[in-house]
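Text of upload.txt, listed as compact mmCIF, C-alpha atoms:
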```txt
# COMPACT_ATOMS: atom_id res chain seq x y z
CA MET A 1 -146.47 -76.73 -159.53
CA LEU A 2 -147.79 -78.47 -156.42
CA ARG A 3 -145.43 -79.32 -153.58
CA THR A 4 -145.69 -81.74 -150.68
CA PRO A 5 -144.97 -80.71 -147.05
CA LEU A 6 -141.57 -82.42 -147.47
CA ILE A 7 -140.23 -80.25 -150.30
CA GLY A 8 -137.68 -78.65 -147.95
CA GLN A 9 -136.31 -82.07 -146.97
CA HIS A 10 -135.92 -83.05 -150.63
CA GLN A 11 -134.12 -79.83 -151.50
CA ALA A 12 -131.80 -80.14 -148.50
CA ALA A 13 -130.92 -83.72 -149.51
CA GLY A 14 -130.01 -82.59 -153.03
CA ALA A 15 -132.87 -84.38 -154.76
CA LYS A 16 -133.36 -84.06 -158.51
CA LEU A 17 -136.93 -82.76 -158.76
CA VAL A 18 -139.25 -83.42 -161.71
CA ASP A 19 -142.83 -82.68 -162.68
CA PHE A 20 -144.91 -85.74 -161.77
CA SER A 21 -148.65 -85.31 -162.41
CA GLY A 22 -148.28 -81.61 -161.60
CA TRP A 23 -146.23 -82.24 -158.43
CA ASP A 24 -142.61 -81.20 -157.83
CA MET A 25 -141.30 -84.64 -156.81
CA PRO A 26 -137.86 -86.24 -156.28
CA ILE A 27 -136.94 -88.63 -159.09
CA GLN A 28 -133.66 -89.49 -157.34
CA TYR A 29 -131.20 -88.39 -154.66
CA THR A 30 -127.93 -90.36 -154.84
CA GLY A 31 -129.00 -92.27 -157.97
CA VAL A 32 -131.78 -94.64 -159.01
CA LEU A 33 -129.71 -97.82 -158.77
CA ASP A 34 -128.18 -96.90 -155.41
CA GLU A 35 -131.63 -96.18 -153.98
CA TYR A 36 -133.07 -99.33 -155.53
CA HIS A 37 -130.39 -101.55 -153.95
CA THR A 38 -130.80 -99.75 -150.63
CA VAL A 39 -134.51 -100.63 -150.53
CA ARG A 40 -133.88 -104.25 -151.52
CA SER A 41 -131.11 -104.74 -148.94
CA LYS A 42 -131.70 -102.18 -146.14
CA ALA A 43 -134.43 -99.50 -146.22
CA GLY A 44 -135.52 -96.50 -148.25
CA LEU A 45 -137.75 -93.56 -147.36
CA PHE A 46 -140.26 -92.32 -149.96
CA ASP A 47 -142.44 -89.23 -149.98
CA VAL A 48 -145.79 -90.36 -151.39
CA SER A 49 -147.74 -87.35 -150.13
CA HIS A 50 -148.74 -86.52 -153.72
CA MET A 51 -151.17 -89.46 -153.61
CA GLY A 52 -154.81 -88.58 -152.98
CA ARG A 53 -156.35 -89.44 -149.60
CA LEU A 54 -160.15 -89.45 -149.57
CA VAL A 55 -162.24 -90.38 -146.53
CA VAL A 56 -165.75 -91.85 -146.75
CA SER A 57 -167.52 -92.06 -143.40
CA GLY A 58 -170.96 -92.58 -141.90
CA GLY A 59 -173.42 -95.42 -141.49
CA GLY A 60 -173.83 -95.91 -145.23
CA ALA A 61 -170.12 -95.71 -146.13
CA ALA A 62 -169.66 -99.44 -146.67
CA GLY A 63 -172.73 -99.72 -148.89
CA PHE A 64 -171.66 -96.70 -150.94
CA LEU A 65 -168.16 -98.09 -151.49
CA GLN A 66 -169.59 -101.49 -152.39
CA ARG A 67 -171.33 -99.77 -155.30
CA ILE A 68 -168.30 -97.69 -156.32
CA THR A 69 -165.42 -100.19 -156.05
CA THR A 70 -164.80 -103.68 -157.42
CA ASN A 71 -163.61 -105.49 -154.29
CA ASP A 72 -165.75 -106.56 -151.31
CA VAL A 73 -165.58 -103.68 -148.82
CA ARG A 74 -167.82 -105.47 -146.34
CA ALA A 75 -165.17 -108.17 -145.95
CA LEU A 76 -162.77 -105.63 -144.39
CA THR A 77 -162.47 -105.65 -140.62
CA VAL A 78 -161.48 -102.49 -138.73
CA GLY A 79 -157.76 -101.98 -139.30
CA GLN A 80 -157.66 -103.99 -142.52
CA ALA A 81 -156.95 -102.83 -146.08
CA HIS A 82 -157.25 -104.18 -149.60
CA TYR A 83 -156.36 -103.35 -153.18
CA SER A 84 -159.33 -102.46 -155.37
CA MET A 85 -160.40 -100.57 -158.46
CA VAL A 86 -162.92 -97.94 -159.46
CA CYS A 87 -164.48 -98.68 -162.87
CA ASN A 88 -166.71 -96.85 -165.29
CA GLU A 89 -169.95 -98.35 -166.62
CA GLN A 90 -168.06 -100.12 -169.41
CA GLY A 91 -165.72 -101.80 -166.90
CA GLY A 92 -162.77 -99.54 -167.77
CA ILE A 93 -160.43 -98.70 -164.89
CA LYS A 94 -160.82 -95.14 -163.62
CA ASP A 95 -158.21 -95.79 -160.93
CA ASP A 96 -156.57 -98.54 -158.90
CA ILE A 97 -156.79 -97.75 -155.19
CA PHE A 98 -156.17 -99.02 -151.67
CA VAL A 99 -159.12 -99.01 -149.26
CA TYR A 100 -158.41 -98.91 -145.52
CA ARG A 101 -161.11 -99.45 -142.91
CA MET A 102 -159.96 -96.98 -140.27
CA ALA A 103 -162.95 -97.31 -137.93
CA GLU A 104 -166.35 -98.98 -137.75
CA ALA A 105 -167.85 -96.52 -140.27
CA GLU A 106 -164.81 -94.73 -141.72
CA TYR A 107 -162.77 -95.68 -144.78
CA LEU A 108 -159.63 -94.13 -146.24
CA LEU A 109 -159.12 -94.35 -150.00
CA CYS A 110 -155.60 -93.88 -151.32
CA VAL A 111 -155.84 -92.89 -154.99
CA ASN A 112 -153.27 -91.99 -157.63
CA ALA A 113 -152.13 -88.36 -157.70
CA SER A 114 -153.14 -87.92 -161.34
CA ASN A 115 -156.64 -89.24 -160.59
CA ARG A 116 -157.47 -87.50 -157.29
CA VAL A 117 -159.79 -84.86 -158.75
CA LYS A 118 -161.35 -87.34 -161.18
CA ILE A 119 -162.13 -89.88 -158.45
CA LEU A 120 -163.36 -87.22 -156.03
CA ASP A 121 -165.73 -85.93 -158.72
CA TRP A 122 -166.82 -89.51 -159.47
CA LEU A 123 -167.61 -90.17 -155.80
CA MET A 124 -169.51 -86.92 -155.45
CA GLY A 125 -171.36 -87.49 -158.71
CA HIS A 126 -172.60 -90.91 -157.59
CA HIS A 127 -173.37 -89.88 -154.02
CA ARG A 128 -177.09 -89.96 -153.21
CA THR A 129 -178.88 -88.46 -150.22
CA ASP A 130 -179.92 -91.95 -149.11
CA ASP A 131 -176.29 -93.15 -149.06
CA HIS A 132 -175.92 -91.69 -145.55
CA CYS A 133 -172.20 -91.05 -145.82
CA ARG A 134 -169.80 -88.13 -146.09
CA ILE A 135 -166.98 -87.70 -148.58
CA GLU A 136 -163.96 -85.66 -147.56
CA ASP A 137 -160.71 -84.87 -149.37
CA ARG A 138 -157.91 -85.02 -146.78
CA SER A 139 -155.08 -84.98 -149.32
CA ALA A 140 -153.78 -81.59 -148.17
CA ALA A 141 -154.33 -82.23 -144.47
CA LEU A 142 -152.40 -85.50 -144.45
CA ALA A 143 -148.94 -86.41 -145.68
CA GLN A 144 -147.82 -89.94 -146.48
CA ILE A 145 -144.34 -91.36 -146.00
CA ALA A 146 -143.41 -94.89 -147.07
CA ILE A 147 -140.53 -96.73 -145.44
CA GLN A 148 -139.67 -99.88 -147.38
CA GLY A 149 -137.03 -102.55 -147.03
CA PRO A 150 -135.82 -105.34 -144.71
CA ALA A 151 -134.73 -102.85 -141.99
CA SER A 152 -137.98 -100.84 -142.01
CA ARG A 153 -139.57 -102.62 -139.04
CA ASP A 154 -136.49 -102.21 -136.83
CA ILE A 155 -136.26 -98.49 -137.68
CA LEU A 156 -139.89 -97.93 -136.64
CA PHE A 157 -139.35 -100.09 -133.56
CA ASP A 158 -136.49 -97.76 -132.56
CA LEU A 159 -138.94 -94.84 -132.74
CA GLY A 160 -141.43 -96.47 -130.39
CA ALA A 161 -143.54 -98.92 -132.42
CA ALA A 162 -142.93 -101.66 -129.87
CA ASP A 163 -145.44 -104.26 -131.13
CA LEU A 164 -145.08 -103.56 -134.85
CA ALA A 165 -144.21 -107.21 -135.53
CA MET A 166 -147.85 -108.00 -134.70
CA LEU A 167 -149.13 -105.86 -137.59
CA LYS A 168 -150.00 -108.22 -140.44
CA LEU A 169 -149.71 -107.51 -144.15
CA HIS A 170 -152.54 -105.22 -145.36
CA HIS A 171 -153.43 -104.18 -141.82
CA ALA A 172 -153.14 -100.74 -140.22
CA ARG A 173 -153.49 -98.96 -136.88
CA ASP A 174 -152.39 -95.85 -135.01
CA TYR A 175 -148.89 -95.69 -133.56
CA VAL A 176 -146.98 -92.94 -131.78
CA LEU A 177 -143.53 -92.61 -133.34
CA SER A 178 -141.17 -90.37 -131.40
CA GLY A 179 -144.16 -88.45 -130.02
CA ILE A 180 -145.92 -88.14 -133.40
CA THR A 181 -149.21 -89.96 -133.97
CA CYS A 182 -149.40 -91.79 -137.31
CA PHE A 183 -151.83 -94.13 -139.01
CA VAL A 184 -149.38 -96.88 -139.97
CA ALA A 185 -150.26 -99.42 -142.66
CA ARG A 186 -148.24 -102.47 -143.58
CA THR A 187 -148.58 -101.80 -147.27
CA GLY A 188 -146.33 -100.57 -150.05
CA TYR A 189 -145.45 -100.93 -153.71
CA THR A 190 -141.95 -102.42 -153.60
CA GLY A 191 -142.45 -106.07 -152.66
CA GLU A 192 -140.30 -105.64 -149.55
CA LEU A 193 -141.29 -105.49 -145.91
CA GLY A 194 -142.56 -101.97 -145.51
CA TYR A 195 -144.99 -99.50 -144.02
CA GLU A 196 -146.87 -96.41 -145.13
CA LEU A 197 -147.21 -93.68 -142.51
CA ASN A 198 -150.13 -91.25 -142.73
CA VAL A 199 -149.38 -88.20 -140.62
CA TRP A 200 -150.84 -84.71 -140.28
CA ALA A 201 -149.12 -82.47 -142.81
CA GLU A 202 -147.76 -80.07 -140.20
CA ARG A 203 -145.83 -82.91 -138.50
CA ALA A 204 -144.54 -84.56 -141.70
CA ALA A 205 -141.18 -82.78 -141.90
CA GLU A 206 -140.47 -83.52 -138.24
CA LEU A 207 -141.32 -87.20 -138.73
CA TRP A 208 -139.15 -87.44 -141.86
CA THR A 209 -136.20 -85.92 -140.00
CA ARG A 210 -136.58 -88.25 -137.02
CA LEU A 211 -136.85 -91.27 -139.30
CA MET A 212 -133.66 -90.28 -141.13
CA GLU A 213 -131.81 -89.65 -137.88
CA SER A 214 -132.97 -92.87 -136.26
CA GLY A 215 -132.45 -94.92 -139.41
CA GLN A 216 -128.92 -93.69 -140.07
CA ALA A 217 -127.42 -96.57 -138.11
CA ARG A 218 -129.41 -99.00 -140.28
CA CYS A 219 -128.34 -97.30 -143.54
CA LEU A 220 -131.72 -95.71 -144.28
CA LYS A 221 -131.66 -93.43 -147.34
CA PRO A 222 -134.29 -91.28 -149.06
CA ALA A 223 -135.49 -92.81 -152.32
CA GLY A 224 -137.18 -91.21 -155.31
CA LEU A 225 -139.74 -92.09 -157.95
CA GLY A 226 -137.13 -93.67 -160.23
CA ALA A 227 -136.29 -96.40 -157.73
CA ARG A 228 -139.96 -96.79 -156.84
CA ASP A 229 -140.87 -97.48 -160.48
CA LEU A 230 -138.12 -100.06 -160.86
CA LEU A 231 -139.10 -101.81 -157.64
CA ARG A 232 -142.80 -101.97 -158.54
CA LEU A 233 -142.07 -103.26 -162.05
CA GLU A 234 -140.02 -106.17 -160.68
CA MET A 235 -143.12 -107.16 -158.70
CA GLY A 236 -145.40 -106.81 -161.72
CA TYR A 237 -147.41 -104.07 -159.97
CA LEU A 238 -149.52 -101.88 -162.23
CA LEU A 239 -148.83 -98.23 -163.04
CA TYR A 240 -151.87 -96.14 -163.91
CA GLY A 241 -151.50 -94.38 -167.25
CA ASN A 242 -149.03 -97.00 -168.49
CA ASP A 243 -150.41 -100.45 -167.71
CA ILE A 244 -154.02 -99.55 -166.97
CA GLY A 245 -156.55 -96.85 -167.86
CA GLU A 246 -160.18 -96.34 -168.76
CA ASP A 247 -159.77 -98.31 -171.99
CA VAL A 248 -158.71 -101.42 -170.05
CA THR A 249 -160.72 -103.66 -167.71
CA PRO A 250 -159.42 -105.45 -164.59
CA LEU A 251 -159.93 -108.78 -166.36
CA GLU A 252 -157.75 -107.69 -169.28
CA ALA A 253 -155.17 -106.32 -166.82
CA ASN A 254 -154.88 -109.77 -165.19
CA ALA A 255 -156.38 -108.28 -162.03
CA GLY A 256 -159.64 -110.19 -161.95
CA TRP A 257 -158.85 -111.16 -158.35
CA VAL A 258 -159.87 -107.64 -157.21
CA VAL A 259 -163.33 -108.01 -158.78
CA ASN A 260 -165.90 -109.63 -156.48
CA PHE A 261 -168.93 -110.66 -158.50
CA GLN A 262 -170.61 -112.29 -155.49
CA LYS A 263 -171.09 -109.04 -153.56
CA GLY A 264 -173.87 -107.73 -155.84
CA GLN A 265 -174.12 -104.95 -158.40
CA PHE A 266 -171.43 -102.27 -158.65
CA ILE A 267 -170.55 -99.75 -161.32
CA GLY A 268 -169.16 -101.71 -164.26
CA SER A 269 -170.22 -105.12 -162.95
CA GLN A 270 -172.56 -105.93 -165.86
CA ALA A 271 -169.90 -105.15 -168.46
CA LEU A 272 -167.29 -107.12 -166.53
CA GLN A 273 -169.64 -110.06 -166.07
CA ALA A 274 -170.29 -110.12 -169.82
CA GLN A 275 -166.57 -109.99 -170.55
CA ARG A 276 -165.92 -112.79 -168.07
CA GLN A 277 -168.51 -114.98 -169.82
CA GLN A 278 -167.34 -114.16 -173.34
CA GLY A 279 -163.66 -114.14 -172.49
CA ALA A 280 -161.32 -111.18 -172.88
CA SER A 281 -159.55 -110.89 -176.23
CA ARG A 282 -156.31 -109.57 -174.74
CA ARG A 283 -154.41 -109.91 -171.50
CA LEU A 284 -151.59 -108.12 -169.71
CA VAL A 285 -148.56 -110.41 -169.45
CA GLY A 286 -145.04 -110.23 -168.12
CA PHE A 287 -142.08 -110.95 -170.36
CA GLU A 288 -138.32 -111.41 -170.03
CA LEU A 289 -135.80 -110.72 -172.77
CA LEU A 290 -133.45 -113.58 -173.69
CA GLU A 291 -130.70 -111.22 -174.82
CA LYS A 292 -129.24 -108.14 -173.12
CA ALA A 293 -131.40 -105.14 -174.02
CA VAL A 294 -133.72 -102.65 -172.32
CA PRO A 295 -137.42 -102.67 -173.25
CA ARG A 296 -139.30 -99.38 -172.85
CA HIS A 297 -142.88 -98.17 -172.80
CA GLY A 298 -144.29 -98.02 -176.32
CA PHE A 299 -141.91 -100.55 -177.93
CA LYS A 300 -143.68 -103.00 -180.27
CA VAL A 301 -144.31 -106.59 -179.21
CA LEU A 302 -143.98 -109.10 -182.04
CA SER A 303 -144.92 -112.75 -182.43
CA ALA A 304 -142.13 -115.30 -182.89
CA GLN A 305 -142.77 -114.92 -186.63
CA GLY A 306 -142.33 -111.13 -186.44
CA GLN A 307 -145.96 -110.00 -186.65
CA PRO A 308 -146.96 -107.00 -184.44
CA ILE A 309 -149.22 -108.20 -181.60
CA GLY A 310 -149.01 -105.44 -178.98
CA GLU A 311 -146.97 -102.76 -177.22
CA VAL A 312 -144.86 -102.65 -174.08
CA THR A 313 -146.68 -100.78 -171.30
CA SER A 314 -143.79 -100.85 -168.78
CA GLY A 315 -140.22 -102.02 -169.26
CA ASN A 316 -136.72 -101.73 -167.83
CA LEU A 317 -133.55 -103.63 -166.99
CA SER A 318 -133.87 -105.51 -163.70
CA PRO A 319 -130.73 -104.78 -161.64
CA LEU A 320 -130.95 -108.05 -159.70
CA LEU A 321 -131.94 -110.31 -162.58
CA GLN A 322 -129.69 -108.47 -165.05
CA LYS A 323 -132.20 -108.92 -167.84
CA GLY A 324 -134.83 -106.83 -169.56
CA ILE A 325 -138.31 -107.25 -168.14
CA GLY A 326 -141.65 -105.70 -168.93
CA LEU A 327 -145.43 -105.81 -169.17
CA ALA A 328 -147.52 -105.79 -172.35
CA TYR A 329 -151.01 -106.52 -173.64
CA VAL A 330 -151.14 -109.40 -176.11
CA PRO A 331 -153.94 -111.48 -177.66
CA VAL A 332 -154.94 -114.22 -175.21
CA HIS A 333 -153.45 -117.03 -177.34
CA TYR A 334 -150.02 -115.44 -176.75
CA ALA A 335 -150.54 -115.06 -172.99
CA GLU A 336 -149.48 -118.53 -171.82
CA PRO A 337 -146.20 -118.49 -169.81
CA GLY A 338 -143.36 -119.79 -171.94
CA THR A 339 -144.79 -118.42 -175.20
CA ALA A 340 -142.04 -117.13 -177.50
CA ILE A 341 -142.36 -113.48 -178.54
CA GLN A 342 -140.04 -110.68 -179.66
CA ILE A 343 -139.61 -107.08 -178.58
CA ASP A 344 -138.67 -104.46 -181.14
CA VAL A 345 -135.88 -102.57 -179.34
CA ARG A 346 -135.08 -99.58 -181.56
CA GLY A 347 -135.33 -101.58 -184.76
CA LYS A 348 -133.80 -104.83 -183.49
CA SER A 349 -136.05 -107.81 -182.79
CA VAL A 350 -134.94 -109.20 -179.43
CA PRO A 351 -136.22 -112.69 -178.47
CA ALA A 352 -138.28 -112.91 -175.29
CA HIS A 353 -140.76 -115.18 -173.59
CA VAL A 354 -143.91 -114.68 -171.59
CA VAL A 355 -143.54 -115.18 -167.81
CA LYS A 356 -145.85 -114.93 -164.83
CA PRO A 357 -144.99 -111.98 -162.56
CA PRO A 358 -143.51 -111.21 -160.12
CA PHE A 359 -140.17 -111.16 -161.89
CA TYR A 360 -138.34 -110.75 -158.57
CA LYS A 361 -138.99 -113.42 -155.97
CA LYS A 362 -137.63 -112.76 -152.50
CA PRO A 363 -135.22 -115.41 -151.18
CA LYS A 364 -136.77 -117.53 -148.44
CA GLY A 365 -135.34 -117.55 -144.95
```
Output the structure of this file as C-alpha cells.
Amino acid sequence: MLRTPLIGQHQAAGAKLVDFSGWDMPIQYTGVLDEYHTVRSKAGLFDVSHMGRLVVSGGGAAGFLQRITTNDVRALTVGQAHYSMVCNEQGGIKDDIFVYRMAEAEYLLCVNASNRVKILDWLMGHHRTDDHCRIEDRSAALAQIAIQGPASRDILFDLGAADLAMLKLHHARDYVLSGITCFVARTGYTGELGYELNVWAERAAELWTRLMESGQARCLKPAGLGARDLLRLEMGYLLYGNDIGEDVTPLEANAGWVVNFQKGQFIGSQALQAQRQQGASRRLVGFELLEKAVPRHGFKVLSAQGQPIGEVTSGNLSPLLQKGIGLAYVPVHYAEPGTAIQIDVRGKSVPAHVVKPPFYKKPKG
C-alpha cells in the first residue's frame, strides 16, 4: 500500500483510512457530512498527494502537449491552468487532467492517481526525438494539499500570502507560506473558493501542521475523500472510472468544451471530429429525484414508461438540496433538461427528471 508524506498527520487526527487506487487514504475524520458542511461554510484541508504530477519541459513542450491533449495548450500564459483530457486514437478518455504552465517552457500535468503510470507510459510512448522536450515524474518529490472553502483565502493570507486576492481562478504562482515555498494554484474540485498547494514532499507535514494551527481560529478541519466526492458530485464534476473512461469520449461526457478542434491534429481528433459531425448517440446528463431516495453507481435508469435506457455513473443524497442527485449516460433524445425519467432504487422505480449541472449553485453576494 502506498502512503503520502502526510500519513502521520492522518493517523494522528484519527482518520479512517481506506485503499484508494492502491493508496492508504483518509475517507473521513469526524464524518463525511461534518466535513462536507465545513468545506461549504468555512474551510477544509485535503491531502491530494496521491494524484500524479508529471512535468513536461523544454522548447518543444507546448507542441508535444498540443498533440497529446485535447485543449489548446498554446493559449495558456505563464501562471495559467486549464482542464483538459488525454484521449486514445478512438477518442476515448485515457484521463482527465489539469495542465499548468509553470514557466515559459515548463508545464505541470496533474493526473488521476489510478492513471499516473498509464499516462506516463503514454507520454513516453508518443515522445519523439524531434519533440525537444523532457518528461519527468515528480509525483514522489512533490506533495499536494488542497484547502477549499470560503475561509481558505484568509487562512493563507494569515500565513503570508499577502496578495492572494489578486490570483484569479485557474491561475497559479509561487508563494512563501510561513517560510515554506509552494506553487499555489487557484483550482480545486469542490466548487468553493479554494487553492491547491504543491510543496516539496519533505516540507508537506510541516505545511499541513502550520495550516491547521493557523486555520484553527477560522474553523479549518481536515477533510477526506468521502466529503470530496460529495462536493464534486454537487458540481457535476467528473470522476474517472465512474463517469468517464476509455470507452467514453469527451463529447459523450458533455465535456466538448475541453476539445479544441481549431488547434490542429491531436491524438483522437479525427475520431472526435467524425463523432461531432455524425452526432453522439448518448450523453452524460444530470438528474434529480422527485422523491426521497439515494441513487447509487450502477443503478438502472429507466424511461418514463419503465424501459431501461442507461445506468447511474455517480449518485448520492445532496445534503444542501436534500434530494437525490446523480449523473448517467442516456440516449440523446432523453438528454434534454426537464425530461422525465425514473431511477431503479433497489427495485423501486423513483421518478426523476434530467437537469443541467451544477446541482449546487452558490448564493450570490
For atom CA of A:Ala162 and atom CA of A:Thr187, the interatomic separation in Å (one decimal): 18.3 Å
Pick from A:Ala165, A:Leu159, A:Ala271, A:Ala103 nearest to A:Gly215, counting all atoms listed in the file: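 Once distances to A:Gly215 are computed over all atoms listed in the file, the minimum belongs to A:Leu159.
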Residue neighbourhood stretch 82-89 of chain A, 8 Å, only C-alpha atoms, exclusion window fewer than 5 positions, as a ChimeraX atom specification: /A:68-71,76,94-100,170,246,249-250,258-259,267-269,271
For atom CA of A:Arg3 and atom CA of A:Glu196, the interatomic separation in Å (one decimal):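 Value for the atom CA of A:Arg3-atom CA of A:Glu196 distance: 19.1 Å.
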Long-range neighbours of A:Val117 as a VMD selection string, 12 Å cut-off, all atoms listed in the file, 4 positions minimum in chain: chain A and resid 21 51 to 54 94 to 95 111 to 113 121 to 125 136 to 137 139
Point-to-point distance from atom CA of A:Ile341 to atom CA of A:Gln322, Å rounded to tenths: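 Rounded to one decimal, the two atoms are 19.2 Å apart.
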Give me the residues near stretch 332-340 of chain A as a tab-separated table (two decimals) with C-alpha atoms, keeping the file's coordinate frame, where near means some atom within 10 Å (using only C-alpha atoms) and where sequence neighbours in that chain fewer than 2 positions away do not count.
```tsv
chain	number	residue	atom	x	y	z
A	252	GLU	CA	-157.75	-107.69	-169.28
A	279	GLY	CA	-163.66	-114.14	-172.49
A	280	ALA	CA	-161.32	-111.18	-172.88
A	281	SER	CA	-159.55	-110.89	-176.23
A	282	ARG	CA	-156.31	-109.57	-174.74
A	283	ARG	CA	-154.41	-109.91	-171.50
A	284	LEU	CA	-151.59	-108.12	-169.71
A	285	VAL	CA	-148.56	-110.41	-169.45
A	286	GLY	CA	-145.04	-110.23	-168.12
A	287	PHE	CA	-142.08	-110.95	-170.36
A	288	GLU	CA	-138.32	-111.41	-170.03
A	302	LEU	CA	-143.98	-109.10	-182.04
A	303	SER	CA	-144.92	-112.75	-182.43
A	304	ALA	CA	-142.13	-115.30	-182.89
A	305	GLN	CA	-142.77	-114.92	-186.63
A	309	ILE	CA	-149.22	-108.20	-181.60
A	328	ALA	CA	-147.52	-105.79	-172.35
A	329	TYR	CA	-151.01	-106.52	-173.64
A	330	VAL	CA	-151.14	-109.40	-176.11
A	342	GLN	CA	-140.04	-110.68	-179.66
A	351	PRO	CA	-136.22	-112.69	-178.47
A	352	ALA	CA	-138.28	-112.91	-175.29
A	353	HIS	CA	-140.76	-115.18	-173.59
A	354	VAL	CA	-143.91	-114.68	-171.59
A	355	VAL	CA	-143.54	-115.18	-167.81
A	356	LYS	CA	-145.85	-114.93	-164.83
A	357	PRO	CA	-144.99	-111.98	-162.56
```
Residue nearest A:Lys361 among A:Glu234, A:Asp130, A:Asp154, A:Asp72 (counting all atoms listed in the file):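 For A:Lys361, the nearest of the given residues is A:Glu234.
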Axis-aligned box for stretch 30-36 of chain A, 5 Å per side, centre and edges in Å as lines of an AutoDock Vina configuration file:
```
center_x = -130.5
center_y = -94.8
center_z = -156.5
size_x = 15.1
size_y = 19.0
size_z = 15.0
```
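Here the question is which of A:Gly31, A:Gly310, A:Gly63, A:Pro150 gets nearest to A:Pro331 using all atoms listed in the file, and that residue is A:Gly310.
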Distance query A:Tyr107 at most 6 Å, all atoms listed in the file, self and fewer than 3 positions along chain excluded, as a list in words: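 Once the adjacent positions are removed, what remains is Val55, Val56, Tyr100, Arg101 and Met102 of chain A.
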Residue nearest A:Asp229 among A:Ile93, A:Trp208, A:Leu317, A:Leu156 (counting only C-alpha atoms):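 With only C-alpha atoms as the atom set, the closest residue is A:Leu317.
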